[in-house]
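Enquirer: This is query24.cif, which holds mmCIF, C-alpha atoms:
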```cif
data_input
#
loop_
_atom_site.label_atom_id
_atom_site.label_comp_id
_atom_site.auth_asym_id
_atom_site.auth_seq_id
_atom_site.Cartn_x
_atom_site.Cartn_y
_atom_site.Cartn_z
CA MET L 1071 21.71 11.11 18.56
CA THR L 1072 22.50 14.16 16.46
CA VAL L 1073 23.30 13.93 12.81
CA ALA L 1074 26.67 15.55 13.46
CA ALA L 1075 27.71 12.53 15.49
CA ILE L 1076 27.28 10.23 12.50
CA PRO L 1077 29.32 10.53 9.34
CA THR L 1078 26.94 12.03 6.81
CA ILE L 1079 28.31 9.78 4.11
CA ALA L 1080 27.12 6.63 5.93
CA LEU L 1081 23.58 7.94 6.37
CA ASP L 1082 23.58 9.21 2.80
CA GLY L 1083 24.32 5.71 1.51
CA LEU L 1084 21.54 4.17 3.58
CA LEU L 1085 18.86 6.77 2.87
CA ARG L 1086 19.68 6.97 -0.83
CA SER L 1087 19.44 3.20 -1.29
CA MET L 1088 16.08 3.02 0.50
CA ALA L 1089 14.61 6.12 -1.17
CA ASP L 1090 15.71 5.00 -4.63
CA ASP L 1091 14.26 1.51 -4.07
CA GLU L 1092 10.87 2.93 -3.10
CA PHE L 1093 10.97 5.55 -5.85
CA VAL L 1094 11.76 3.07 -8.61
CA ILE L 1095 9.31 0.35 -7.57
CA GLY L 1096 6.64 3.04 -7.14
CA PHE L 1097 7.14 4.29 -10.70
CA SER L 1098 7.40 0.76 -12.11
CA ASP L 1099 4.12 -0.33 -10.56
CA SER L 1100 2.37 2.91 -11.51
CA GLU L 1101 2.69 1.66 -15.09
CA TRP L 1102 -0.29 -0.59 -14.33
CA THR L 1103 -2.60 2.37 -13.83
CA GLY L 1104 -5.39 1.95 -16.34
CA ILE L 1105 -4.38 -1.52 -17.57
CA ALA L 1106 -4.37 -3.81 -14.50
CA PRO L 1107 -6.29 -7.13 -14.75
CA ILE L 1108 -9.52 -5.76 -13.22
CA LEU L 1109 -10.67 -2.32 -12.15
CA GLU L 1110 -10.37 -3.07 -8.43
CA GLU L 1111 -6.81 -4.34 -8.84
CA ASP L 1112 -6.04 -1.27 -10.93
CA VAL L 1113 -7.03 0.96 -8.03
CA ALA L 1114 -5.17 -1.27 -5.56
CA MET L 1115 -1.90 -1.41 -7.49
CA SER L 1116 -2.02 2.33 -8.23
CA SER L 1117 -2.62 2.99 -4.54
CA LEU L 1118 0.32 0.78 -3.59
CA ALA L 1119 2.50 2.58 -6.12
CA GLN L 1120 1.43 5.92 -4.62
CA ASP L 1121 2.30 4.62 -1.15
CA GLU L 1122 5.82 3.80 -2.34
CA LEU L 1123 6.23 7.26 -3.83
CA GLY L 1124 5.05 8.66 -0.49
CA HIS L 1125 7.72 6.61 1.27
CA ALA L 1126 10.32 7.85 -1.21
CA THR L 1127 9.19 11.45 -0.58
CA ALA L 1128 9.72 11.02 3.17
CA LEU L 1129 13.13 9.37 2.70
CA PHE L 1130 14.30 11.95 0.13
CA GLY L 1131 13.10 14.58 2.62
CA LEU L 1132 15.41 13.18 5.31
CA LEU L 1133 18.27 12.96 2.84
CA GLY L 1134 17.68 16.53 1.65
CA GLU L 1135 17.74 17.80 5.21
CA LEU L 1136 20.93 15.88 5.90
CA LEU L 1137 22.70 17.27 2.82
CA GLY L 1138 21.05 20.69 2.70
CA GLU L 1139 19.72 19.90 -0.77
CA ASP L 1140 16.33 20.09 -2.47
CA PRO L 1141 14.70 16.63 -2.18
CA ASN L 1142 13.14 17.02 -5.63
CA ALA L 1143 16.54 17.68 -7.14
CA ILE L 1144 17.90 14.52 -5.52
CA ALA L 1145 14.94 12.52 -6.76
CA TYR L 1146 14.81 13.81 -10.35
CA ASP L 1147 18.02 15.55 -11.37
CA ARG L 1148 20.50 12.67 -11.25
CA GLN L 1149 21.70 10.78 -14.28
CA PRO L 1150 20.49 7.13 -14.40
CA GLU L 1151 23.90 5.75 -13.38
CA HIS L 1152 23.78 7.70 -10.11
CA TYR L 1153 20.65 6.02 -8.76
CA ARG L 1154 21.31 3.48 -6.01
CA HIS L 1155 18.24 1.22 -6.14
CA CYS L 1156 18.93 -2.49 -6.24
CA ARG L 1157 19.20 -4.34 -9.53
CA LEU L 1158 16.13 -6.40 -8.67
CA LEU L 1159 14.17 -3.28 -9.65
CA ASP L 1160 15.98 -2.92 -12.98
CA HIS L 1161 13.70 -5.23 -14.95
CA ALA L 1162 11.02 -4.01 -17.35
CA ARG L 1163 7.47 -4.10 -16.04
CA GLY L 1164 6.66 -7.32 -17.89
CA ASP L 1165 3.37 -9.12 -17.29
CA TRP L 1166 1.32 -9.33 -14.11
CA ALA L 1167 3.27 -12.36 -12.85
CA MET L 1168 6.50 -10.40 -13.25
CA THR L 1169 5.11 -7.53 -11.21
CA ILE L 1170 3.89 -9.85 -8.47
CA ALA L 1171 7.17 -11.81 -8.35
CA ARG L 1172 9.24 -8.62 -8.21
CA ARG L 1173 7.02 -7.04 -5.61
CA TYR L 1174 7.00 -10.14 -3.40
CA LEU L 1175 10.80 -10.48 -3.52
CA TYR L 1176 11.26 -6.76 -2.83
CA ASP L 1177 8.56 -6.31 -0.19
CA SER L 1178 9.66 -9.37 1.79
CA ALA L 1179 13.27 -8.13 1.74
CA ASP L 1180 12.25 -4.54 2.55
CA ALA L 1181 10.29 -5.79 5.58
CA VAL L 1182 13.45 -7.42 6.99
CA ARG L 1183 15.48 -4.28 6.32
CA LEU L 1184 12.86 -2.05 8.00
CA ASP L 1185 12.79 -4.32 11.06
CA ALA L 1186 16.55 -3.87 11.41
CA LEU L 1187 16.11 -0.07 11.40
CA ALA L 1188 13.03 0.23 13.62
CA GLY L 1189 14.89 0.36 16.92
CA GLY L 1190 17.62 2.61 15.56
CA SER L 1191 19.26 5.41 17.51
CA TRP L 1192 18.63 8.18 14.98
CA ALA L 1193 15.05 9.20 15.75
CA PRO L 1194 14.21 10.92 12.43
CA LEU L 1195 14.76 7.61 10.67
CA SER L 1196 13.48 5.16 13.30
CA ASP L 1197 10.26 7.23 13.71
CA LEU L 1198 9.71 7.18 9.96
CA VAL L 1199 10.49 3.46 9.75
CA ALA L 1200 7.84 2.70 12.39
CA LYS L 1201 5.26 4.32 10.08
CA LEU L 1202 6.60 2.63 6.95
CA ILE L 1203 6.34 -0.79 8.62
CA ARG L 1204 2.64 -0.26 9.26
CA GLU L 1205 1.99 0.49 5.58
CA GLU L 1206 4.31 -2.16 4.19
CA ARG L 1207 2.49 -4.82 6.22
CA TYR L 1208 -0.53 -4.39 3.97
CA HIS L 1209 1.60 -4.35 0.81
CA LEU L 1210 3.11 -7.69 1.73
CA MET L 1211 -0.35 -9.11 2.50
CA HIS L 1212 -1.67 -7.99 -0.87
CA VAL L 1213 1.21 -9.30 -2.94
CA GLY L 1214 1.22 -12.52 -0.86
CA VAL L 1215 -2.38 -13.21 -1.87
CA TRP L 1216 -1.41 -12.87 -5.52
CA LEU L 1217 1.74 -14.97 -5.21
CA ASN L 1218 -0.39 -17.74 -3.73
CA ARG L 1219 -2.99 -17.51 -6.45
CA LEU L 1220 -0.50 -17.60 -9.30
CA ALA L 1221 1.56 -20.41 -7.75
CA HIS L 1222 -1.48 -22.57 -7.03
CA HIS L 1223 -3.12 -22.30 -10.43
CA ASP L 1224 -1.49 -24.88 -12.63
CA GLY L 1225 -1.21 -23.84 -16.23
CA GLU L 1226 -0.57 -20.38 -17.57
CA ALA L 1227 -0.59 -18.54 -14.22
CA ARG L 1228 2.02 -20.77 -12.61
CA THR L 1229 4.09 -20.99 -15.78
CA ARG L 1230 4.25 -17.22 -16.08
CA LEU L 1231 5.20 -16.91 -12.41
CA LEU L 1232 8.06 -19.40 -12.89
CA VAL L 1233 9.27 -17.52 -15.97
CA ALA L 1234 9.22 -14.25 -14.01
CA LEU L 1235 11.07 -15.78 -11.07
CA ARG L 1236 13.67 -17.25 -13.42
CA GLU L 1237 14.44 -13.74 -14.68
CA LEU L 1238 14.37 -12.06 -11.26
CA ARG L 1239 15.91 -14.67 -8.96
CA PRO L 1240 19.57 -13.89 -9.73
CA ASP L 1241 18.95 -10.27 -8.65
CA ALA L 1242 16.67 -10.91 -5.66
CA ALA L 1243 19.44 -10.70 -3.07
CA THR L 1244 20.69 -7.34 -4.38
CA VAL L 1245 18.33 -5.62 -1.90
CA PHE L 1246 20.98 -6.67 0.64
CA THR L 1247 23.96 -5.23 -1.22
CA PRO L 1248 26.41 -4.19 1.52
CA LEU L 1249 26.14 -0.45 2.09
CA PRO L 1250 29.16 1.81 1.94
CA HIS L 1251 30.18 2.47 5.57
CA GLU L 1252 27.77 -0.14 6.87
CA ASP L 1253 29.97 -0.69 9.95
CA THR L 1254 29.62 2.97 10.93
CA LEU L 1255 25.83 2.66 10.87
CA ILE L 1256 25.95 -0.44 13.04
CA GLU L 1257 28.38 1.14 15.53
CA ALA L 1258 26.12 4.21 15.73
CA GLY L 1259 23.16 1.93 16.50
CA ILE L 1260 21.22 3.04 13.43
CA LEU L 1261 21.29 -0.32 11.68
CA GLU L 1262 20.98 -3.43 13.81
CA ALA L 1263 22.96 -5.90 11.69
CA PRO L 1264 25.00 -6.08 8.48
CA MET L 1265 23.19 -6.64 5.19
CA SER L 1266 24.63 -10.16 4.96
CA GLU L 1267 22.85 -11.04 8.21
CA LEU L 1268 19.63 -9.39 6.97
CA GLU L 1269 19.83 -11.50 3.83
CA ARG L 1270 20.09 -14.62 5.99
CA ARG L 1271 16.98 -13.53 7.95
CA TRP L 1272 15.13 -12.84 4.71
CA ARG L 1273 15.90 -16.33 3.39
CA GLU L 1274 14.62 -17.75 6.65
CA THR L 1275 11.37 -15.79 6.26
CA ILE L 1276 10.61 -16.64 2.64
CA GLY L 1277 12.01 -20.19 2.77
CA PRO L 1278 8.82 -21.80 4.14
CA VAL L 1279 6.64 -19.77 1.74
CA PHE L 1280 8.63 -20.84 -1.30
CA ALA L 1281 8.76 -24.46 -0.08
CA ASP L 1282 5.00 -24.48 0.48
CA LEU L 1283 4.35 -23.12 -3.01
CA ASP L 1284 7.04 -25.35 -4.54
CA LEU L 1285 8.89 -22.35 -5.98
CA PRO L 1286 12.67 -22.21 -6.48
CA MET L 1287 14.52 -20.09 -3.90
CA PRO L 1288 16.61 -17.17 -5.16
CA PRO L 1289 20.31 -18.01 -5.33
CA ALA L 1290 23.03 -15.97 -3.62
CA ALA L 1291 23.90 -12.83 -5.55
CA THR L 1292 26.95 -13.26 -7.76
CA GLU L 1293 28.38 -9.72 -7.86
CA LEU L 1294 27.03 -8.53 -4.56
CA ASP L 1295 29.27 -5.46 -4.42
CA ARG L 1296 27.72 -4.18 -7.66
CA GLY L 1297 24.13 -4.92 -6.67
CA ARG L 1298 23.14 -1.25 -6.73
CA LEU L 1299 25.25 -0.24 -9.74
CA ASP L 1300 25.31 -0.92 -13.50
CA HIS L 1301 21.61 -0.23 -14.02
CA ARG L 1302 20.07 -1.88 -17.04
CA GLU L 1303 18.46 -0.43 -20.14
CA ALA L 1304 14.98 -1.01 -18.67
CA PHE L 1305 15.79 1.46 -15.90
CA ARG L 1306 17.15 4.02 -18.36
CA TRP L 1307 13.80 3.86 -20.14
CA LEU L 1308 11.87 4.26 -16.87
CA TRP L 1309 14.16 7.14 -15.85
CA GLY L 1310 13.38 8.84 -19.17
CA GLU L 1311 9.68 8.50 -18.36
CA PHE L 1312 9.69 9.69 -14.77
CA THR L 1313 12.01 12.65 -15.41
CA SER L 1314 10.39 13.74 -18.69
CA VAL L 1315 8.09 16.38 -17.21
CA ARG L 1316 10.79 17.87 -15.00
CA ARG L 1317 13.29 17.92 -17.87
CA SER L 1318 10.76 19.60 -20.15
CA GLU L 1319 11.14 22.89 -18.25
CA PRO L 1320 14.30 22.85 -16.09
CA GLY L 1321 14.08 25.09 -13.04
CA ALA L 1322 10.32 25.52 -13.25
CA THR L 1323 8.25 25.53 -10.06
CA TRP L 1324 5.54 22.87 -10.33
CA MET C 1092 -8.30 -24.59 -6.32
CA PRO C 1093 -10.45 -23.91 -9.41
CA ALA C 1094 -8.74 -23.22 -12.73
CA ALA C 1095 -10.15 -19.73 -12.97
CA ALA C 1096 -12.03 -17.87 -10.28
CA GLU C 1097 -15.26 -16.10 -11.18
CA LEU C 1098 -15.70 -12.53 -10.02
CA GLU C 1099 -18.67 -11.83 -7.82
CA ALA C 1100 -20.09 -8.73 -6.13
CA TRP C 1101 -19.36 -7.81 -2.53
CA GLU C 1102 -21.17 -4.99 -0.74
CA VAL C 1103 -19.07 -2.69 1.40
CA PHE C 1104 -20.31 -0.80 4.45
CA ARG C 1105 -18.13 1.79 6.09
CA GLN C 1106 -17.92 3.64 9.38
CA GLU C 1107 -16.47 7.11 9.11
CA LYS C 1108 -15.63 7.53 12.77
CA ASP C 1109 -16.08 5.66 16.00
CA GLY C 1110 -19.75 5.67 17.07
CA ASP C 1111 -21.13 6.43 13.61
CA PRO C 1112 -23.54 3.95 12.03
CA MET C 1113 -22.24 1.63 9.31
CA ARG C 1114 -23.37 3.08 6.00
CA HIS C 1115 -23.41 1.43 2.60
CA GLY C 1116 -20.40 2.68 0.64
CA GLY C 1117 -20.73 0.74 -2.59
CA SER C 1118 -19.56 -2.57 -3.97
CA VAL C 1119 -16.47 -4.26 -5.35
CA MET C 1120 -15.98 -7.22 -7.66
CA ALA C 1121 -13.62 -9.90 -6.38
CA PRO C 1122 -13.06 -13.65 -6.78
CA ASP C 1123 -13.00 -14.41 -3.04
CA ALA C 1124 -13.36 -12.96 0.45
CA GLU C 1125 -9.66 -12.26 0.82
CA LEU C 1126 -9.34 -10.10 -2.27
CA ALA C 1127 -12.76 -8.56 -1.60
CA THR C 1128 -11.40 -7.33 1.72
CA HIS C 1129 -8.29 -5.95 0.05
CA TYR C 1130 -10.29 -4.18 -2.65
CA ALA C 1131 -12.73 -2.78 -0.09
CA ARG C 1132 -9.73 -1.39 1.77
CA GLU C 1133 -8.43 0.26 -1.39
CA LEU C 1134 -11.75 1.61 -2.66
CA PHE C 1135 -13.24 2.75 0.63
CA GLY C 1136 -10.31 3.19 2.99
CA ARG C 1137 -7.12 4.16 1.23
CA ARG C 1138 -7.57 7.87 2.02
CA GLN C 1139 -8.18 7.23 5.71
CA GLU C 1140 -11.88 7.92 5.20
CA SER C 1141 -13.00 4.87 7.20
CA VAL C 1142 -12.25 3.39 10.61
CA ARG C 1143 -14.15 0.15 9.98
CA LEU C 1144 -15.41 -1.76 6.96
CA TRP C 1145 -17.94 -4.56 6.62
CA VAL C 1146 -17.62 -6.65 3.50
CA VAL C 1147 -20.58 -8.85 2.65
CA ARG C 1148 -20.99 -11.25 -0.25
CA ARG C 1149 -24.00 -9.92 -2.15
CA GLY C 1150 -25.38 -13.44 -2.45
CA ASP C 1151 -25.45 -13.73 1.38
CA ILE C 1152 -27.79 -10.75 1.78
CA LEU C 1153 -31.45 -11.59 2.48
CA ASP C 1154 -33.22 -9.62 -0.19
CA LEU C 1155 -36.79 -8.55 0.49
CA ALA C 1156 -38.53 -6.63 -2.28
CA ASP C 1157 -41.98 -8.30 -2.35
CA PRO C 1158 -44.56 -5.56 -3.10
CA ASP C 1159 -47.29 -7.47 -1.19
CA LEU C 1160 -45.13 -7.19 1.92
CA LEU C 1161 -43.64 -3.73 1.43
CA GLN C 1162 -46.08 -1.82 -0.79
CA PRO C 1163 -49.54 -3.27 -0.03
CA PRO C 1164 -52.30 -1.86 -2.23
CA LEU C 1165 -54.73 -0.49 0.36
CA ASP C 1166 -54.58 2.95 1.95
CA ARG C 1167 -52.02 3.07 4.79
CA SER C 1168 -52.23 6.79 5.59
CA TYR C 1169 -53.81 5.99 8.97
CA LYS C 1170 -50.47 4.38 9.94
CA LYS C 1171 -48.62 7.62 9.30
CA PRO C 1172 -48.41 10.53 11.76
CA GLY C 1173 -49.34 13.11 9.10
CA GLY C 1174 -52.96 13.63 10.19
CA TYR C 1175 -52.14 14.15 13.85
CA VAL C 1176 -51.42 17.83 14.69
CA MET C 1177 -49.21 18.19 17.73
CA ARG C 1178 -48.54 21.93 17.75
CA ASP C 1179 -51.44 23.09 19.97
CA LYS C 1180 -51.10 20.21 22.39
CA LEU C 1181 -47.37 20.86 22.79
CA ALA C 1182 -47.97 24.59 23.41
CA ALA C 1183 -50.56 23.76 26.08
CA ALA C 1184 -48.21 21.30 27.75
CA ARG C 1185 -45.44 23.90 27.85
CA GLU C 1186 -47.84 26.43 29.32
CA ILE C 1187 -48.58 24.07 32.20
CA SER C 1188 -44.94 23.08 32.81
CA GLY C 1189 -43.68 26.66 32.48
CA GLY C 1190 -41.09 25.56 29.95
CA SER C 1191 -40.53 26.97 26.51
CA LYS C 1192 -38.51 24.77 24.17
CA PRO C 1193 -37.30 21.21 24.75
CA ARG C 1194 -33.67 22.32 24.25
CA ALA C 1195 -33.96 25.10 26.89
CA ARG C 1196 -35.59 22.67 29.30
CA SER C 1197 -32.76 20.14 28.97
CA SER C 1198 -30.10 22.81 29.43
CA ARG C 1199 -31.83 24.03 32.62
CA ARG C 1200 -31.77 20.49 33.91
CA THR C 1201 -28.05 20.28 33.21
CA THR C 1202 -27.27 23.46 35.16
CA SER C 1203 -29.46 22.46 38.11
CA THR C 1204 -27.61 19.18 38.72
#
```
Please re-express this file's structure in structure tokens.

Expert:
Amino acid sequence: MTVAAIPTIALDGLLRSMADDEFVIGFSDSEWTGIAPILEEDVAMSSLAQDELGHATALFGLLGELLGEDPNAIAYDRQPEHYRHCRLLDHARGDWAMTIARRYLYDSADAVRLDALAGGSWAPLSDLVAKLIREERYHLMHVGVWLNRLAHHDGEARTRLLVALRELRPDAATVFTPLPHEDTLIEAGILEAPMSELERRWRETIGPVFADLDLPMPPAATELDRGRLDHREAFRWLWGEFTSVRRSEPGATW
Amino acid sequence: MPAAAELEAWEVFRQEKDGDPMRHGGSVMAPDAELATHYARELFGRRQESVRLWVVRRGDILDLADPDLLQPPLDRSYKKPGGYVMRDKLAAAREISGGSKPRARSSRRTTST
């Protein structure tokens, strides 16, 4: 299917939400570089963060091609309120349990979203998604190991995990914020099912894991239509960090 | 599960491409086999530099460093090929067979079949 056959605005909404999600979680997790619990985990988490930035690069590349814009400008030159990542990724880095809880909630949701895009009719995206799925599989394995460890160790580890989940749970479902023009994407065969259905599938996937670990399931999102808007102060701070170099010399070629 | 897992050393062997021998890459510290595998992947495979990894708990390796077994005190030079000069014998053998160098001989065999 050619791009011309699909309203650009529908694809824009989809690509922007995915690219911003990957971009923001990549930068958030890169904050562990140099200070992760042990050296090996430092390398692992930094590598995961780099993977996410690589995914964002590919998705911003598709979006740039679609809009005829510079992908770097899309990634770095927007004001914080114009980013469309989900509010789950709006929390400050916090401690290690916070990072693991956030990453598990996001990666498990992202996996369901990617599955719903893998057989899509727009080859540039479905081809990319097939590659992303292969990398995200490892991410989910890695964060799953950690979720298990923290949940199983009674005492400080489990307590911190529960505190992190308490903060994140209300925002967990925002990954599945309905996209603008979602119906168009489904009619065009790009997206297999609406976000509400993907959320149901996600709950089905993580339900047994949370039950097994005796962790509270995330509730339904309260303001689902605003799940990718109204970014918090923690994101404004992160935005200031990740745009600081580019803003230091506007227009420079790096 | 224990309250706090102790880190231990795991040795990592890597294969660069199919058919290559497994070579020692280095080691990682990890509390269990699962994380050891993950860390091996990150430290020795994240740049696509390996097609296979072996991860071995250092404590499971049979360590042999006994000098009586490996560095015995008496002269062992007679077990080494150093004193045995092959050059003249090889030249004579080539003279008889009409060949020149082993490489040339094998290439002739390839073209004749």

Enquirer: When you count all atoms listed in the file, which of these residues is closest to chain C: L:His1251, L:His1212, L:His1301, L:Arg1239?

Expert: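 Of the candidates, the smallest distance to chain C is held by L:His1212.
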
Enquirer: With the file shown as input, list the residues that the PyMOL selection byres ((chain L and resi 1166) around 9) selects, as a PyMOL selection string.

Expert: chain L and resi 1102+1106-1107+1163-1165+1167-1171+1230-1231

Enquirer: Chain L residues within 8 Å of chain C, counting all atoms listed in the file: which ones, as a ChimeraX atom specification?

Expert: /L:1110-1111,1113-1114,1117,1212,1215,1222-1224

Enquirer: Dump as an MDAnalysis selection string all residues having an atom at most 12 Å from (8.5, 5.5, -9.8), computed in the file's coordinates with all atoms listed in the file.

Expert: chainID L and resid 1089:1102 1116 1118:1127 1145:1146 1155 1159:1160 1163 1305 1307:1313

Enquirer: Near Ser1087 (chain L), within 12 Å and counting only C-alpha atoms, which residues show up once chain neighbours fewer than 2 positions away are dropped, as a PDB file with C-alpha atoms, keeping the file's coordinate frame?

Expert:
```pdb
ATOM      1  CA  ALA L1080      27.120   6.630   5.930  1.00  0.00           C
ATOM      2  CA  LEU L1081      23.580   7.940   6.370  1.00  0.00           C
ATOM      3  CA  ASP L1082      23.580   9.210   2.800  1.00  0.00           C
ATOM      4  CA  GLY L1083      24.320   5.710   1.510  1.00  0.00           C
ATOM      5  CA  LEU L1084      21.540   4.170   3.580  1.00  0.00           C
ATOM      6  CA  LEU L1085      18.860   6.770   2.870  1.00  0.00           C
ATOM      7  CA  ALA L1089      14.610   6.120  -1.170  1.00  0.00           C
ATOM      8  CA  ASP L1090      15.710   5.000  -4.630  1.00  0.00           C
ATOM      9  CA  ASP L1091      14.260   1.510  -4.070  1.00  0.00           C
ATOM     10  CA  GLU L1092      10.870   2.930  -3.100  1.00  0.00           C
ATOM     11  CA  PHE L1093      10.970   5.550  -5.850  1.00  0.00           C
ATOM     12  CA  VAL L1094      11.760   3.070  -8.610  1.00  0.00           C
ATOM     13  CA  ALA L1126      10.320   7.850  -1.210  1.00  0.00           C
ATOM     14  CA  LEU L1129      13.130   9.370   2.700  1.00  0.00           C
ATOM     15  CA  PHE L1130      14.300  11.950   0.130  1.00  0.00           C
ATOM     16  CA  LEU L1133      18.270  12.960   2.840  1.00  0.00           C
ATOM     17  CA  ALA L1145      14.940  12.520  -6.760  1.00  0.00           C
ATOM     18  CA  HIS L1152      23.780   7.700 -10.110  1.00  0.00           C
ATOM     19  CA  TYR L1153      20.650   6.020  -8.760  1.00  0.00           C
ATOM     20  CA  ARG L1154      21.310   3.480  -6.010  1.00  0.00           C
ATOM     21  CA  HIS L1155      18.240   1.220  -6.140  1.00  0.00           C
ATOM     22  CA  CYS L1156      18.930  -2.490  -6.240  1.00  0.00           C
ATOM     23  CA  ARG L1157      19.200  -4.340  -9.530  1.00  0.00           C
ATOM     24  CA  LEU L1159      14.170  -3.280  -9.650  1.00  0.00           C
ATOM     25  CA  ASP L1180      12.250  -4.540   2.550  1.00  0.00           C
ATOM     26  CA  ARG L1183      15.480  -4.280   6.320  1.00  0.00           C
ATOM     27  CA  THR L1244      20.690  -7.340  -4.380  1.00  0.00           C
ATOM     28  CA  VAL L1245      18.330  -5.620  -1.900  1.00  0.00           C
ATOM     29  CA  PHE L1246      20.980  -6.670   0.640  1.00  0.00           C
ATOM     30  CA  THR L1247      23.960  -5.230  -1.220  1.00  0.00           C
ATOM     31  CA  PRO L1248      26.410  -4.190   1.520  1.00  0.00           C
ATOM     32  CA  LEU L1249      26.140  -0.450   2.090  1.00  0.00           C
ATOM     33  CA  PRO L1250      29.160   1.810   1.940  1.00  0.00           C
ATOM     34  CA  GLY L1297      24.130  -4.920  -6.670  1.00  0.00           C
ATOM     35  CA  ARG L1298      23.140  -1.250  -6.730  1.00  0.00           C
ATOM     36  CA  LEU L1299      25.250  -0.240  -9.740  1.00  0.00           C
TER      37      LEU L1299
END
```

Enquirer: Report the distance between CA of Glu1107 (chain C) and CA of Glu1140 (chain C) in Å, rounded to one decimal place.

Expert: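 Value for the CA of Glu1107 (chain C)-CA of Glu1140 (chain C) distance: 6.1 Å.
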
Enquirer: Find, counting only C-alpha atoms, the residue in L:Thr1323, L:Gly1131, L:Leu1283, L:Leu1232 that gets nearest to Leu1198 (chain L).

Expert: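 Counting only C-alpha atoms, the residue closest to Leu1198 (chain L) is L:Gly1131.
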
Enquirer: I'd like the interatomic distance between CA of Val1142 (chain C) and CA of Glu1205 (chain L), to a tenth of an Å.

Expert: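 Result for CA of Val1142 (chain C) versus CA of Glu1205 (chain L): 15.4 Å, one decimal.
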
Enquirer: One number please: CA of Ala1100 (chain C) to CA of Asp1151 (chain C), in Å, one decimal.

Expert: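 CA of Asp1151 (chain C) lies at a distance of 10.5 Å from CA of Ala1100 (chain C).
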
Enquirer: List as a VMD selection string: which residues have an atom within 7 Å of (13.8, -12.8, -0.7), counting all atoms listed in the file?

Expert: chain L and resid 1175 to 1176 1178 to 1179 1242 to 1243 1272 to 1273 1276 1288

Enquirer: Do a neighbour search on Arg1114 (chain C) at 9 Å with all atoms listed in the file, toss out local chain neighbours closer than 4 positions, and write the hits as a PyMOL selection string.

Expert: chain C and resi 1103-1107

Enquirer: Please, could you write that set of residues out with C-alpha atoms as a PDB file, keeping the file's coordinate frame?

Expert:
```
ATOM      1  CA  VAL C1103     -19.070  -2.690   1.400  1.00  0.00           C
ATOM      2  CA  PHE C1104     -20.310  -0.800   4.450  1.00  0.00           C
ATOM      3  CA  ARG C1105     -18.130   1.790   6.090  1.00  0.00           C
ATOM      4  CA  GLN C1106     -17.920   3.640   9.380  1.00  0.00           C
ATOM      5  CA  GLU C1107     -16.470   7.110   9.110  1.00  0.00           C
TER       6      GLU C1107
END
```

Enquirer: I'd like the residues picked by the PyMOL selection byres ((chain L and resi 1185-1194) around 6) written out as a ChimeraX atom specification, using the chain letters and numbers from the file.

Expert: /L:1071,1182-1184,1195-1197,1199-1200,1259-1262

Enquirer: Between L:Leu1202, L:Leu1132, L:Met1211, L:Ala1291, which residue has the minimum interatomic distance to Leu1238 (chain L), considering only C-alpha atoms?

Expert: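 Among the listed residues, L:Ala1291 lies closest to Leu1238 (chain L).
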
Enquirer: List the residues selected by the PyMOL selection byres ((chain C and resi 1148) around 8) in the file shown, writing them as a PyMOL selection string.

Expert: chain C and resi 1099-1102+1124+1146-1147+1149-1152
